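Raw contents of upload-v7.txt, compact mmCIF, N, CA and C atoms:
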# COMPACT_ATOMS: atom_id res chain seq x y z
N MET A 1 -51.94 -17.63 177.46
CA MET A 1 -51.80 -18.88 176.74
C MET A 1 -50.36 -19.35 176.87
N ASP A 2 -50.16 -20.59 177.21
CA ASP A 2 -48.83 -21.16 177.37
C ASP A 2 -48.36 -21.68 176.02
N PHE A 3 -47.23 -21.14 175.52
CA PHE A 3 -46.72 -21.54 174.22
C PHE A 3 -45.76 -22.71 174.31
N ASP A 4 -45.52 -23.23 175.51
CA ASP A 4 -44.62 -24.35 175.68
C ASP A 4 -45.44 -25.64 175.67
N VAL A 5 -45.98 -25.94 174.50
CA VAL A 5 -46.81 -27.13 174.37
C VAL A 5 -46.15 -28.10 173.40
N ASP A 6 -46.58 -29.28 173.44
CA ASP A 6 -46.00 -30.30 172.58
C ASP A 6 -46.68 -30.28 171.21
N LEU A 7 -45.96 -30.76 170.21
CA LEU A 7 -46.42 -30.70 168.82
C LEU A 7 -47.77 -31.39 168.63
N LYS A 8 -47.99 -32.50 169.31
CA LYS A 8 -49.26 -33.22 169.17
C LYS A 8 -50.43 -32.36 169.65
N GLU A 9 -50.22 -31.59 170.72
CA GLU A 9 -51.28 -30.71 171.21
C GLU A 9 -51.61 -29.65 170.18
N ILE A 10 -50.59 -29.09 169.55
CA ILE A 10 -50.81 -28.06 168.53
C ILE A 10 -51.58 -28.65 167.35
N GLU A 11 -51.16 -29.84 166.90
CA GLU A 11 -51.86 -30.50 165.80
C GLU A 11 -53.32 -30.75 166.16
N HIS A 12 -53.57 -31.18 167.38
CA HIS A 12 -54.94 -31.45 167.82
C HIS A 12 -55.79 -30.18 167.78
N VAL A 13 -55.24 -29.09 168.27
CA VAL A 13 -55.98 -27.83 168.28
C VAL A 13 -56.28 -27.39 166.85
N ILE A 14 -55.29 -27.46 165.96
CA ILE A 14 -55.49 -27.06 164.57
C ILE A 14 -56.59 -27.88 163.92
N GLU A 15 -56.59 -29.17 164.14
CA GLU A 15 -57.58 -30.06 163.53
C GLU A 15 -58.97 -29.92 164.14
N SER A 16 -59.04 -29.51 165.39
CA SER A 16 -60.34 -29.51 166.07
C SER A 16 -61.08 -28.18 166.03
N VAL A 17 -60.41 -27.09 165.65
CA VAL A 17 -61.08 -25.79 165.62
C VAL A 17 -61.77 -25.62 164.27
N SER A 18 -63.06 -25.32 164.32
CA SER A 18 -63.83 -25.18 163.09
C SER A 18 -63.45 -23.90 162.34
N GLU A 19 -63.77 -23.88 161.04
CA GLU A 19 -63.50 -22.69 160.21
C GLU A 19 -64.26 -21.49 160.77
N GLU A 20 -65.49 -21.71 161.23
CA GLU A 20 -66.30 -20.62 161.77
C GLU A 20 -65.63 -20.02 163.00
N LYS A 21 -65.11 -20.88 163.86
CA LYS A 21 -64.45 -20.41 165.08
C LYS A 21 -63.16 -19.66 164.73
N GLN A 22 -62.42 -20.18 163.74
CA GLN A 22 -61.18 -19.52 163.33
C GLN A 22 -61.44 -18.10 162.85
N LYS A 23 -62.57 -17.89 162.17
CA LYS A 23 -62.90 -16.56 161.67
C LYS A 23 -63.21 -15.59 162.81
N GLU A 24 -63.64 -16.10 163.95
CA GLU A 24 -63.96 -15.26 165.10
C GLU A 24 -62.72 -14.84 165.90
N ILE A 25 -61.63 -15.55 165.70
CA ILE A 25 -60.42 -15.30 166.49
C ILE A 25 -59.65 -14.11 165.93
N ASP A 26 -59.27 -13.20 166.79
CA ASP A 26 -58.41 -12.08 166.41
C ASP A 26 -56.97 -12.58 166.52
N TRP A 27 -56.45 -13.13 165.40
CA TRP A 27 -55.14 -13.75 165.42
C TRP A 27 -54.03 -12.76 165.73
N THR A 28 -54.18 -11.53 165.25
CA THR A 28 -53.16 -10.51 165.53
C THR A 28 -53.08 -10.24 167.02
N LYS A 29 -54.22 -10.10 167.64
CA LYS A 29 -54.25 -9.85 169.09
C LYS A 29 -53.67 -11.04 169.86
N LEU A 30 -54.04 -12.23 169.43
CA LEU A 30 -53.55 -13.44 170.10
C LEU A 30 -52.04 -13.58 169.98
N TRP A 31 -51.52 -13.46 168.76
CA TRP A 31 -50.07 -13.59 168.55
C TRP A 31 -49.29 -12.42 169.12
N SER A 32 -49.92 -11.26 169.27
CA SER A 32 -49.19 -10.10 169.81
C SER A 32 -48.84 -10.28 171.28
N LYS A 33 -49.47 -11.23 171.93
CA LYS A 33 -49.08 -11.53 173.31
C LYS A 33 -47.67 -12.12 173.35
N LYS A 34 -47.33 -12.87 172.32
CA LYS A 34 -45.99 -13.43 172.24
C LYS A 34 -45.05 -12.51 171.47
N TYR A 35 -45.59 -11.84 170.45
CA TYR A 35 -44.80 -10.95 169.59
C TYR A 35 -45.44 -9.55 169.60
N PRO A 36 -45.06 -8.72 170.55
CA PRO A 36 -45.68 -7.40 170.72
C PRO A 36 -45.65 -6.50 169.49
N ILE A 37 -44.70 -6.71 168.60
CA ILE A 37 -44.64 -5.89 167.39
C ILE A 37 -45.93 -5.97 166.59
N LEU A 38 -46.64 -7.09 166.68
CA LEU A 38 -47.88 -7.26 165.93
C LEU A 38 -48.98 -6.31 166.37
N SER A 39 -48.87 -5.77 167.57
CA SER A 39 -49.89 -4.82 168.04
C SER A 39 -49.47 -3.37 167.81
N THR A 40 -48.25 -3.15 167.33
CA THR A 40 -47.77 -1.76 167.18
C THR A 40 -47.36 -1.38 165.75
N TYR A 41 -47.03 -2.34 164.92
CA TYR A 41 -46.47 -2.00 163.61
C TYR A 41 -47.42 -1.18 162.74
N GLN A 42 -48.73 -1.35 162.93
CA GLN A 42 -49.71 -0.64 162.11
C GLN A 42 -49.55 0.88 162.19
N LYS A 43 -48.99 1.36 163.31
CA LYS A 43 -48.78 2.80 163.49
C LYS A 43 -47.48 3.28 162.86
N GLU A 44 -46.62 2.35 162.48
CA GLU A 44 -45.28 2.70 162.00
C GLU A 44 -45.06 2.37 160.52
N VAL A 45 -45.62 1.29 160.06
CA VAL A 45 -45.33 0.76 158.73
C VAL A 45 -46.33 1.31 157.71
N GLN A 46 -45.83 1.61 156.52
CA GLN A 46 -46.70 2.00 155.41
C GLN A 46 -47.33 0.74 154.84
N ILE A 47 -48.37 0.29 155.47
CA ILE A 47 -48.99 -0.99 155.14
C ILE A 47 -49.43 -1.05 153.69
N ASP A 48 -50.01 0.02 153.18
CA ASP A 48 -50.49 0.02 151.79
C ASP A 48 -49.38 -0.32 150.80
N ARG A 49 -48.18 0.19 151.06
CA ARG A 49 -47.05 -0.07 150.16
C ARG A 49 -46.73 -1.56 150.11
N TYR A 50 -46.68 -2.20 151.26
CA TYR A 50 -46.38 -3.63 151.33
C TYR A 50 -47.57 -4.46 150.85
N ALA A 51 -48.76 -4.05 151.18
CA ALA A 51 -49.95 -4.79 150.77
C ALA A 51 -50.07 -4.85 149.25
N ALA A 52 -49.74 -3.76 148.58
CA ALA A 52 -49.81 -3.73 147.11
C ALA A 52 -48.82 -4.72 146.51
N LYS A 53 -47.62 -4.78 147.05
CA LYS A 53 -46.60 -5.72 146.55
C LYS A 53 -47.02 -7.16 146.82
N LEU A 54 -47.54 -7.40 148.00
CA LEU A 54 -48.00 -8.75 148.33
C LEU A 54 -49.16 -9.17 147.45
N GLN A 55 -50.06 -8.23 147.16
CA GLN A 55 -51.19 -8.54 146.29
C GLN A 55 -50.71 -8.94 144.90
N LYS A 56 -49.68 -8.27 144.40
CA LYS A 56 -49.12 -8.63 143.09
C LYS A 56 -48.55 -10.04 143.12
N LEU A 57 -47.88 -10.39 144.21
CA LEU A 57 -47.34 -11.74 144.34
C LEU A 57 -48.46 -12.78 144.38
N LEU A 58 -49.52 -12.48 145.12
CA LEU A 58 -50.68 -13.38 145.17
C LEU A 58 -51.31 -13.54 143.79
N ASP A 59 -51.49 -12.40 143.10
CA ASP A 59 -52.08 -12.45 141.76
C ASP A 59 -51.22 -13.27 140.81
N SER A 60 -49.91 -13.14 140.94
CA SER A 60 -48.99 -13.90 140.10
C SER A 60 -49.15 -15.40 140.35
N LEU A 61 -49.23 -15.80 141.59
CA LEU A 61 -49.42 -17.22 141.91
C LEU A 61 -50.75 -17.73 141.37
N LYS A 62 -51.80 -16.92 141.48
CA LYS A 62 -53.11 -17.34 140.99
C LYS A 62 -53.11 -17.48 139.47
N THR A 63 -52.45 -16.55 138.79
CA THR A 63 -52.42 -16.57 137.33
C THR A 63 -51.52 -17.67 136.80
N GLU A 64 -50.29 -17.73 137.29
CA GLU A 64 -49.30 -18.66 136.74
C GLU A 64 -49.58 -20.11 137.11
N TYR A 65 -50.13 -20.34 138.30
CA TYR A 65 -50.33 -21.72 138.76
C TYR A 65 -51.80 -22.08 138.94
N ARG A 66 -52.67 -21.14 138.60
CA ARG A 66 -54.12 -21.35 138.70
C ARG A 66 -54.55 -21.72 140.11
N TYR A 67 -53.86 -21.14 141.10
CA TYR A 67 -54.25 -21.35 142.49
C TYR A 67 -55.45 -20.48 142.82
N ASN A 68 -56.30 -20.99 143.71
CA ASN A 68 -57.37 -20.13 144.21
C ASN A 68 -56.75 -19.17 145.24
N GLU A 69 -57.54 -18.26 145.74
CA GLU A 69 -57.06 -17.23 146.67
C GLU A 69 -56.39 -17.83 147.90
N GLU A 70 -57.05 -18.81 148.50
CA GLU A 70 -56.51 -19.42 149.72
C GLU A 70 -55.19 -20.15 149.46
N ASN A 71 -55.13 -20.93 148.39
CA ASN A 71 -53.89 -21.66 148.11
C ASN A 71 -52.75 -20.71 147.76
N ALA A 72 -53.03 -19.65 147.04
CA ALA A 72 -52.00 -18.66 146.72
C ALA A 72 -51.46 -18.05 148.01
N PHE A 73 -52.35 -17.72 148.93
CA PHE A 73 -51.93 -17.15 150.21
C PHE A 73 -51.06 -18.14 150.99
N LEU A 74 -51.50 -19.38 151.05
CA LEU A 74 -50.75 -20.40 151.80
C LEU A 74 -49.36 -20.63 151.20
N VAL A 75 -49.28 -20.66 149.88
CA VAL A 75 -47.99 -20.85 149.22
C VAL A 75 -47.08 -19.65 149.49
N LEU A 76 -47.60 -18.44 149.34
CA LEU A 76 -46.80 -17.25 149.58
C LEU A 76 -46.32 -17.19 151.03
N LYS A 77 -47.19 -17.54 151.95
CA LYS A 77 -46.83 -17.57 153.36
C LYS A 77 -45.74 -18.61 153.62
N ASP A 78 -45.85 -19.76 152.96
CA ASP A 78 -44.86 -20.80 153.14
C ASP A 78 -43.50 -20.39 152.55
N ILE A 79 -43.53 -19.73 151.41
CA ILE A 79 -42.28 -19.24 150.81
C ILE A 79 -41.62 -18.24 151.74
N LEU A 80 -42.40 -17.34 152.32
CA LEU A 80 -41.85 -16.37 153.26
C LEU A 80 -41.23 -17.07 154.46
N ALA A 81 -41.88 -18.11 154.95
CA ALA A 81 -41.32 -18.87 156.07
C ALA A 81 -40.01 -19.55 155.67
N GLN A 82 -39.94 -20.05 154.44
CA GLN A 82 -38.69 -20.67 153.98
C GLN A 82 -37.57 -19.65 153.90
N VAL A 83 -37.88 -18.46 153.43
CA VAL A 83 -36.88 -17.40 153.38
C VAL A 83 -36.39 -17.09 154.79
N TRP A 84 -37.32 -16.98 155.73
CA TRP A 84 -36.97 -16.73 157.13
C TRP A 84 -36.05 -17.84 157.65
N ASN A 85 -36.44 -19.07 157.41
CA ASN A 85 -35.67 -20.21 157.92
C ASN A 85 -34.25 -20.24 157.35
N VAL A 86 -34.10 -19.93 156.09
CA VAL A 86 -32.76 -19.90 155.49
C VAL A 86 -31.93 -18.80 156.12
N ASN A 87 -32.53 -17.65 156.33
CA ASN A 87 -31.81 -16.50 156.88
C ASN A 87 -31.52 -16.63 158.37
N HIS A 88 -32.20 -17.54 159.06
CA HIS A 88 -32.04 -17.66 160.51
C HIS A 88 -31.67 -19.08 160.93
N SER A 89 -30.95 -19.76 160.07
CA SER A 89 -30.55 -21.12 160.39
C SER A 89 -29.03 -21.22 160.38
N LEU A 90 -28.55 -22.43 160.46
CA LEU A 90 -27.12 -22.67 160.45
C LEU A 90 -26.56 -22.75 159.03
N ILE A 91 -27.43 -22.57 158.05
CA ILE A 91 -26.98 -22.59 156.66
C ILE A 91 -26.12 -21.35 156.43
N PRO A 92 -24.92 -21.51 155.86
CA PRO A 92 -24.08 -20.34 155.60
C PRO A 92 -24.80 -19.30 154.75
N LYS A 93 -24.52 -18.03 154.98
CA LYS A 93 -25.21 -16.95 154.28
C LYS A 93 -25.06 -17.04 152.77
N GLU A 94 -23.93 -17.57 152.28
CA GLU A 94 -23.75 -17.66 150.83
C GLU A 94 -24.65 -18.72 150.19
N VAL A 95 -25.23 -19.61 151.01
CA VAL A 95 -26.15 -20.62 150.49
C VAL A 95 -27.56 -20.07 150.64
N LYS A 96 -28.21 -19.82 149.53
CA LYS A 96 -29.56 -19.27 149.56
C LYS A 96 -30.49 -20.18 148.77
N ILE A 97 -31.76 -20.06 149.03
CA ILE A 97 -32.74 -20.81 148.26
C ILE A 97 -32.73 -20.25 146.84
N ARG A 98 -32.47 -21.09 145.88
CA ARG A 98 -32.48 -20.66 144.48
C ARG A 98 -33.82 -21.00 143.83
N GLU A 99 -34.35 -22.15 144.18
CA GLU A 99 -35.62 -22.57 143.63
C GLU A 99 -36.43 -23.27 144.72
N VAL A 100 -37.72 -23.09 144.65
CA VAL A 100 -38.62 -23.72 145.60
C VAL A 100 -39.59 -24.56 144.79
N LYS A 101 -39.73 -25.82 145.13
CA LYS A 101 -40.67 -26.70 144.43
C LYS A 101 -42.05 -26.50 145.04
N ILE A 102 -42.97 -26.03 144.23
CA ILE A 102 -44.36 -25.88 144.68
C ILE A 102 -45.27 -26.33 143.56
N GLY A 103 -46.53 -26.44 143.90
CA GLY A 103 -47.51 -26.78 142.89
C GLY A 103 -47.36 -28.20 142.39
N LYS A 104 -47.50 -28.36 141.09
CA LYS A 104 -47.44 -29.69 140.49
C LYS A 104 -46.02 -30.23 140.53
N PRO A 105 -45.88 -31.52 140.72
CA PRO A 105 -44.54 -32.12 140.73
C PRO A 105 -43.81 -31.79 139.44
N GLY A 106 -42.53 -31.49 139.59
CA GLY A 106 -41.70 -31.21 138.42
C GLY A 106 -41.67 -29.76 138.01
N ILE A 107 -42.47 -28.91 138.65
CA ILE A 107 -42.45 -27.49 138.31
C ILE A 107 -41.48 -26.79 139.23
N ASP A 108 -40.47 -26.15 138.64
CA ASP A 108 -39.52 -25.36 139.42
C ASP A 108 -40.06 -23.95 139.50
N PHE A 109 -40.09 -23.42 140.69
CA PHE A 109 -40.59 -22.07 140.89
C PHE A 109 -39.46 -21.22 141.45
N PRO A 110 -38.82 -20.36 140.63
CA PRO A 110 -37.70 -19.58 141.14
C PRO A 110 -38.16 -18.56 142.17
N LEU A 111 -37.51 -18.59 143.33
CA LEU A 111 -37.84 -17.66 144.40
C LEU A 111 -37.59 -16.23 143.96
N SER A 112 -36.56 -16.01 143.16
CA SER A 112 -36.24 -14.65 142.71
C SER A 112 -37.40 -14.05 141.94
N HIS A 113 -38.22 -14.88 141.31
CA HIS A 113 -39.39 -14.40 140.58
C HIS A 113 -40.39 -13.72 141.51
N MET A 114 -40.42 -14.18 142.76
CA MET A 114 -41.37 -13.64 143.73
C MET A 114 -40.90 -12.34 144.35
N LEU A 115 -39.62 -12.08 144.32
CA LEU A 115 -39.08 -10.92 145.03
C LEU A 115 -38.93 -9.71 144.16
What do you get writing this file as structure tokens?
Amino acid sequence: MDFDVDLKEIEHVIESVSEEKQKEIDWTKLWSKKYPILSTYQKEVQIDRYAAKLQKLLDSLKTEYRYNEENAFLVLKDILAQVWNVNHSLIPKEVKIREVKIGKPGIDFPLSHML
């Protein structure tokens, strides 16, 4: 699969693939072609330890913001991406995300609460 595609092509693919088809795709296998660590980490990482912590974060989002399972997952995934972006951007290291606006407008969600 060629990853050098334009944004419109990616958007088209995302919009055109059905939920049923998405469930059939082995995303780990697909992404491991670009990121080989995805096919090997299961043998090295104590997955249960991280999974338990992530589950607590998901449960917290569901309880505090009344998100369903899918929305809690998407929000947590997006927060993780924001943390990555801050740590790997041109933003000076002393500047960190203090609060992330999620959910209903006007609700401040402290990132430190998630960590």
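Across the structure, CA of Leu30 in chain A and CA of Ser16 in chain A are spaced 17.9 Å apart.
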Pull the alpha helix (DSSP H) assignments for range 12-81 of chain A out of DSSP run on the backbone, and list those residues as a ChimeraX atom specification. /A:12-16,19-24,27-32,47-65,69-81
Length of the CA of Phe73 in chain A to CA of Val17 in chain A vector [Å]: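 Atom-to-atom, CA of Phe73 in chain A and CA of Val17 in chain A are spaced 19.9 Å apart.
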Rounded to one decimal, what separation in Å do you get between atom C of Glu11 in chain A and CA of Ile79 in chain A? 22.1 Å
Residues at most 12 Å from range 39-47 of chain A, counting only C-alpha atoms, excluding those fewer than 4 positions away in the same chain, as a PDB file with N, CA and C atoms, keeping the file's coordinate frame?
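Below is the file around.pdb, written as the result:
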ATOM      1  N   ASP A  26     -59.270 -13.200 166.790  1.00  0.00           N
ATOM      2  CA  ASP A  26     -58.410 -12.080 166.410  1.00  0.00           C
ATOM      3  C   ASP A  26     -56.970 -12.580 166.520  1.00  0.00           C
ATOM      4  N   TRP A  27     -56.450 -13.130 165.400  1.00  0.00           N
ATOM      5  CA  TRP A  27     -55.140 -13.750 165.420  1.00  0.00           C
ATOM      6  C   TRP A  27     -54.030 -12.760 165.730  1.00  0.00           C
ATOM      7  N   THR A  28     -54.180 -11.530 165.250  1.00  0.00           N
ATOM      8  CA  THR A  28     -53.160 -10.510 165.530  1.00  0.00           C
ATOM      9  C   THR A  28     -53.080 -10.240 167.020  1.00  0.00           C
ATOM     10  N   LYS A  29     -54.220 -10.100 167.640  1.00  0.00           N
ATOM     11  CA  LYS A  29     -54.250  -9.850 169.090  1.00  0.00           C
ATOM     12  C   LYS A  29     -53.670 -11.040 169.860  1.00  0.00           C
ATOM     13  N   LEU A  30     -54.040 -12.230 169.430  1.00  0.00           N
ATOM     14  CA  LEU A  30     -53.550 -13.440 170.100  1.00  0.00           C
ATOM     15  C   LEU A  30     -52.040 -13.580 169.980  1.00  0.00           C
ATOM     16  N   TRP A  31     -51.520 -13.460 168.760  1.00  0.00           N
ATOM     17  CA  TRP A  31     -50.070 -13.590 168.550  1.00  0.00           C
ATOM     18  C   TRP A  31     -49.290 -12.420 169.120  1.00  0.00           C
ATOM     19  N   SER A  32     -49.920 -11.260 169.270  1.00  0.00           N
ATOM     20  CA  SER A  32     -49.190 -10.100 169.810  1.00  0.00           C
ATOM     21  C   SER A  32     -48.840 -10.280 171.280  1.00  0.00           C
ATOM     22  N   LYS A  33     -49.470 -11.230 171.930  1.00  0.00           N
ATOM     23  CA  LYS A  33     -49.080 -11.530 173.310  1.00  0.00           C
ATOM     24  C   LYS A  33     -47.670 -12.120 173.350  1.00  0.00           C
ATOM     25  N   LYS A  34     -47.330 -12.870 172.320  1.00  0.00           N
ATOM     26  CA  LYS A  34     -45.990 -13.430 172.240  1.00  0.00           C
ATOM     27  C   LYS A  34     -45.050 -12.510 171.470  1.00  0.00           C
ATOM     28  N   TYR A  35     -45.590 -11.840 170.450  1.00  0.00           N
ATOM     29  CA  TYR A  35     -44.800 -10.950 169.590  1.00  0.00           C
ATOM     30  C   TYR A  35     -45.440  -9.550 169.600  1.00  0.00           C
ATOM     31  N   ALA A  51     -48.760  -4.050 151.180  1.00  0.00           N
ATOM     32  CA  ALA A  51     -49.950  -4.790 150.770  1.00  0.00           C
ATOM     33  C   ALA A  51     -50.070  -4.850 149.250  1.00  0.00           C
ATOM     34  N   ALA A  52     -49.740  -3.760 148.580  1.00  0.00           N
ATOM     35  CA  ALA A  52     -49.810  -3.730 147.110  1.00  0.00           C
ATOM     36  C   ALA A  52     -48.820  -4.720 146.510  1.00  0.00           C
ATOM     37  N   LYS A  53     -47.620  -4.780 147.050  1.00  0.00           N
ATOM     38  CA  LYS A  53     -46.600  -5.720 146.550  1.00  0.00           C
ATOM     39  C   LYS A  53     -47.020  -7.160 146.820  1.00  0.00           C
ATOM     40  N   LEU A  54     -47.540  -7.400 148.000  1.00  0.00           N
ATOM     41  CA  LEU A  54     -48.000  -8.750 148.330  1.00  0.00           C
ATOM     42  C   LEU A  54     -49.160  -9.170 147.450  1.00  0.00           C
ATOM     43  N   GLN A  55     -50.060  -8.230 147.160  1.00  0.00           N
ATOM     44  CA  GLN A  55     -51.190  -8.540 146.290  1.00  0.00           C
ATOM     45  C   GLN A  55     -50.710  -8.940 144.900  1.00  0.00           C
TER      46      GLN A  55
END
So that all listed atoms of range 11-20 of chain A fit with 8 Å spare on each side, what axis-aligned box centre and edge lengths in Å, to one decimal, would you give as JSON?
{"center_x": -58.7, "center_y": -25.7, "center_z": 164.2, "size_x": 31.1, "size_y": 27.4, "size_z": 24.1}
Would you pick out the contacts of Ala72 in chain A at 9 Å or less, using only C-alpha atoms, so that residues sharing its chain but fewer than 4 positions from it are not included, and give the list as an mmCIF file with N, CA and C atoms, in the frame of the given file?
data_model
loop_
_atom_site.group_PDB
_atom_site.id
_atom_site.type_symbol
_atom_site.label_atom_id
_atom_site.label_comp_id
_atom_site.auth_asym_id
_atom_site.auth_seq_id
_atom_site.Cartn_x
_atom_site.Cartn_y
_atom_site.Cartn_z
ATOM 1 N N LEU A 57 -47.880 -10.390 144.210
ATOM 2 C CA LEU A 57 -47.340 -11.740 144.340
ATOM 3 C C LEU A 57 -48.460 -12.780 144.380
ATOM 4 N N LEU A 58 -49.520 -12.480 145.120
ATOM 5 C CA LEU A 58 -50.680 -13.380 145.170
ATOM 6 C C LEU A 58 -51.310 -13.540 143.790
ATOM 7 N N ASP A 59 -51.490 -12.400 143.100
ATOM 8 C CA ASP A 59 -52.080 -12.450 141.760
ATOM 9 C C ASP A 59 -51.220 -13.270 140.810
ATOM 10 N N SER A 60 -49.910 -13.140 140.940
ATOM 11 C CA SER A 60 -48.990 -13.900 140.100
ATOM 12 C C SER A 60 -49.150 -15.400 140.350
ATOM 13 N N LEU A 61 -49.230 -15.800 141.590
ATOM 14 C CA LEU A 61 -49.420 -17.220 141.910
ATOM 15 C C LEU A 61 -50.750 -17.730 141.370
ATOM 16 N N LYS A 62 -51.800 -16.920 141.480
ATOM 17 C CA LYS A 62 -53.110 -17.340 140.990
ATOM 18 C C LYS A 62 -53.110 -17.480 139.470
ATOM 19 N N TYR A 65 -50.130 -20.340 138.300
ATOM 20 C CA TYR A 65 -50.330 -21.720 138.760
ATOM 21 C C TYR A 65 -51.800 -22.080 138.940
ATOM 22 N N ARG A 66 -52.670 -21.140 138.600
ATOM 23 C CA ARG A 66 -54.120 -21.350 138.700
ATOM 24 C C ARG A 66 -54.550 -21.720 140.110
ATOM 25 N N TYR A 67 -53.860 -21.140 141.100
ATOM 26 C CA TYR A 67 -54.250 -21.350 142.490
ATOM 27 C C TYR A 67 -55.450 -20.480 142.820
ATOM 28 N N ASN A 68 -56.300 -20.990 143.710
ATOM 29 C CA ASN A 68 -57.370 -20.130 144.210
ATOM 30 C C ASN A 68 -56.750 -19.170 145.240
ATOM 31 N N LEU A 76 -47.600 -18.440 149.340
ATOM 32 C CA LEU A 76 -46.800 -17.250 149.580
ATOM 33 C C LEU A 76 -46.320 -17.190 151.030
ATOM 34 N N LYS A 77 -47.190 -17.540 151.950
ATOM 35 C CA LYS A 77 -46.830 -17.570 153.360
ATOM 36 C C LYS A 77 -45.740 -18.610 153.620
#
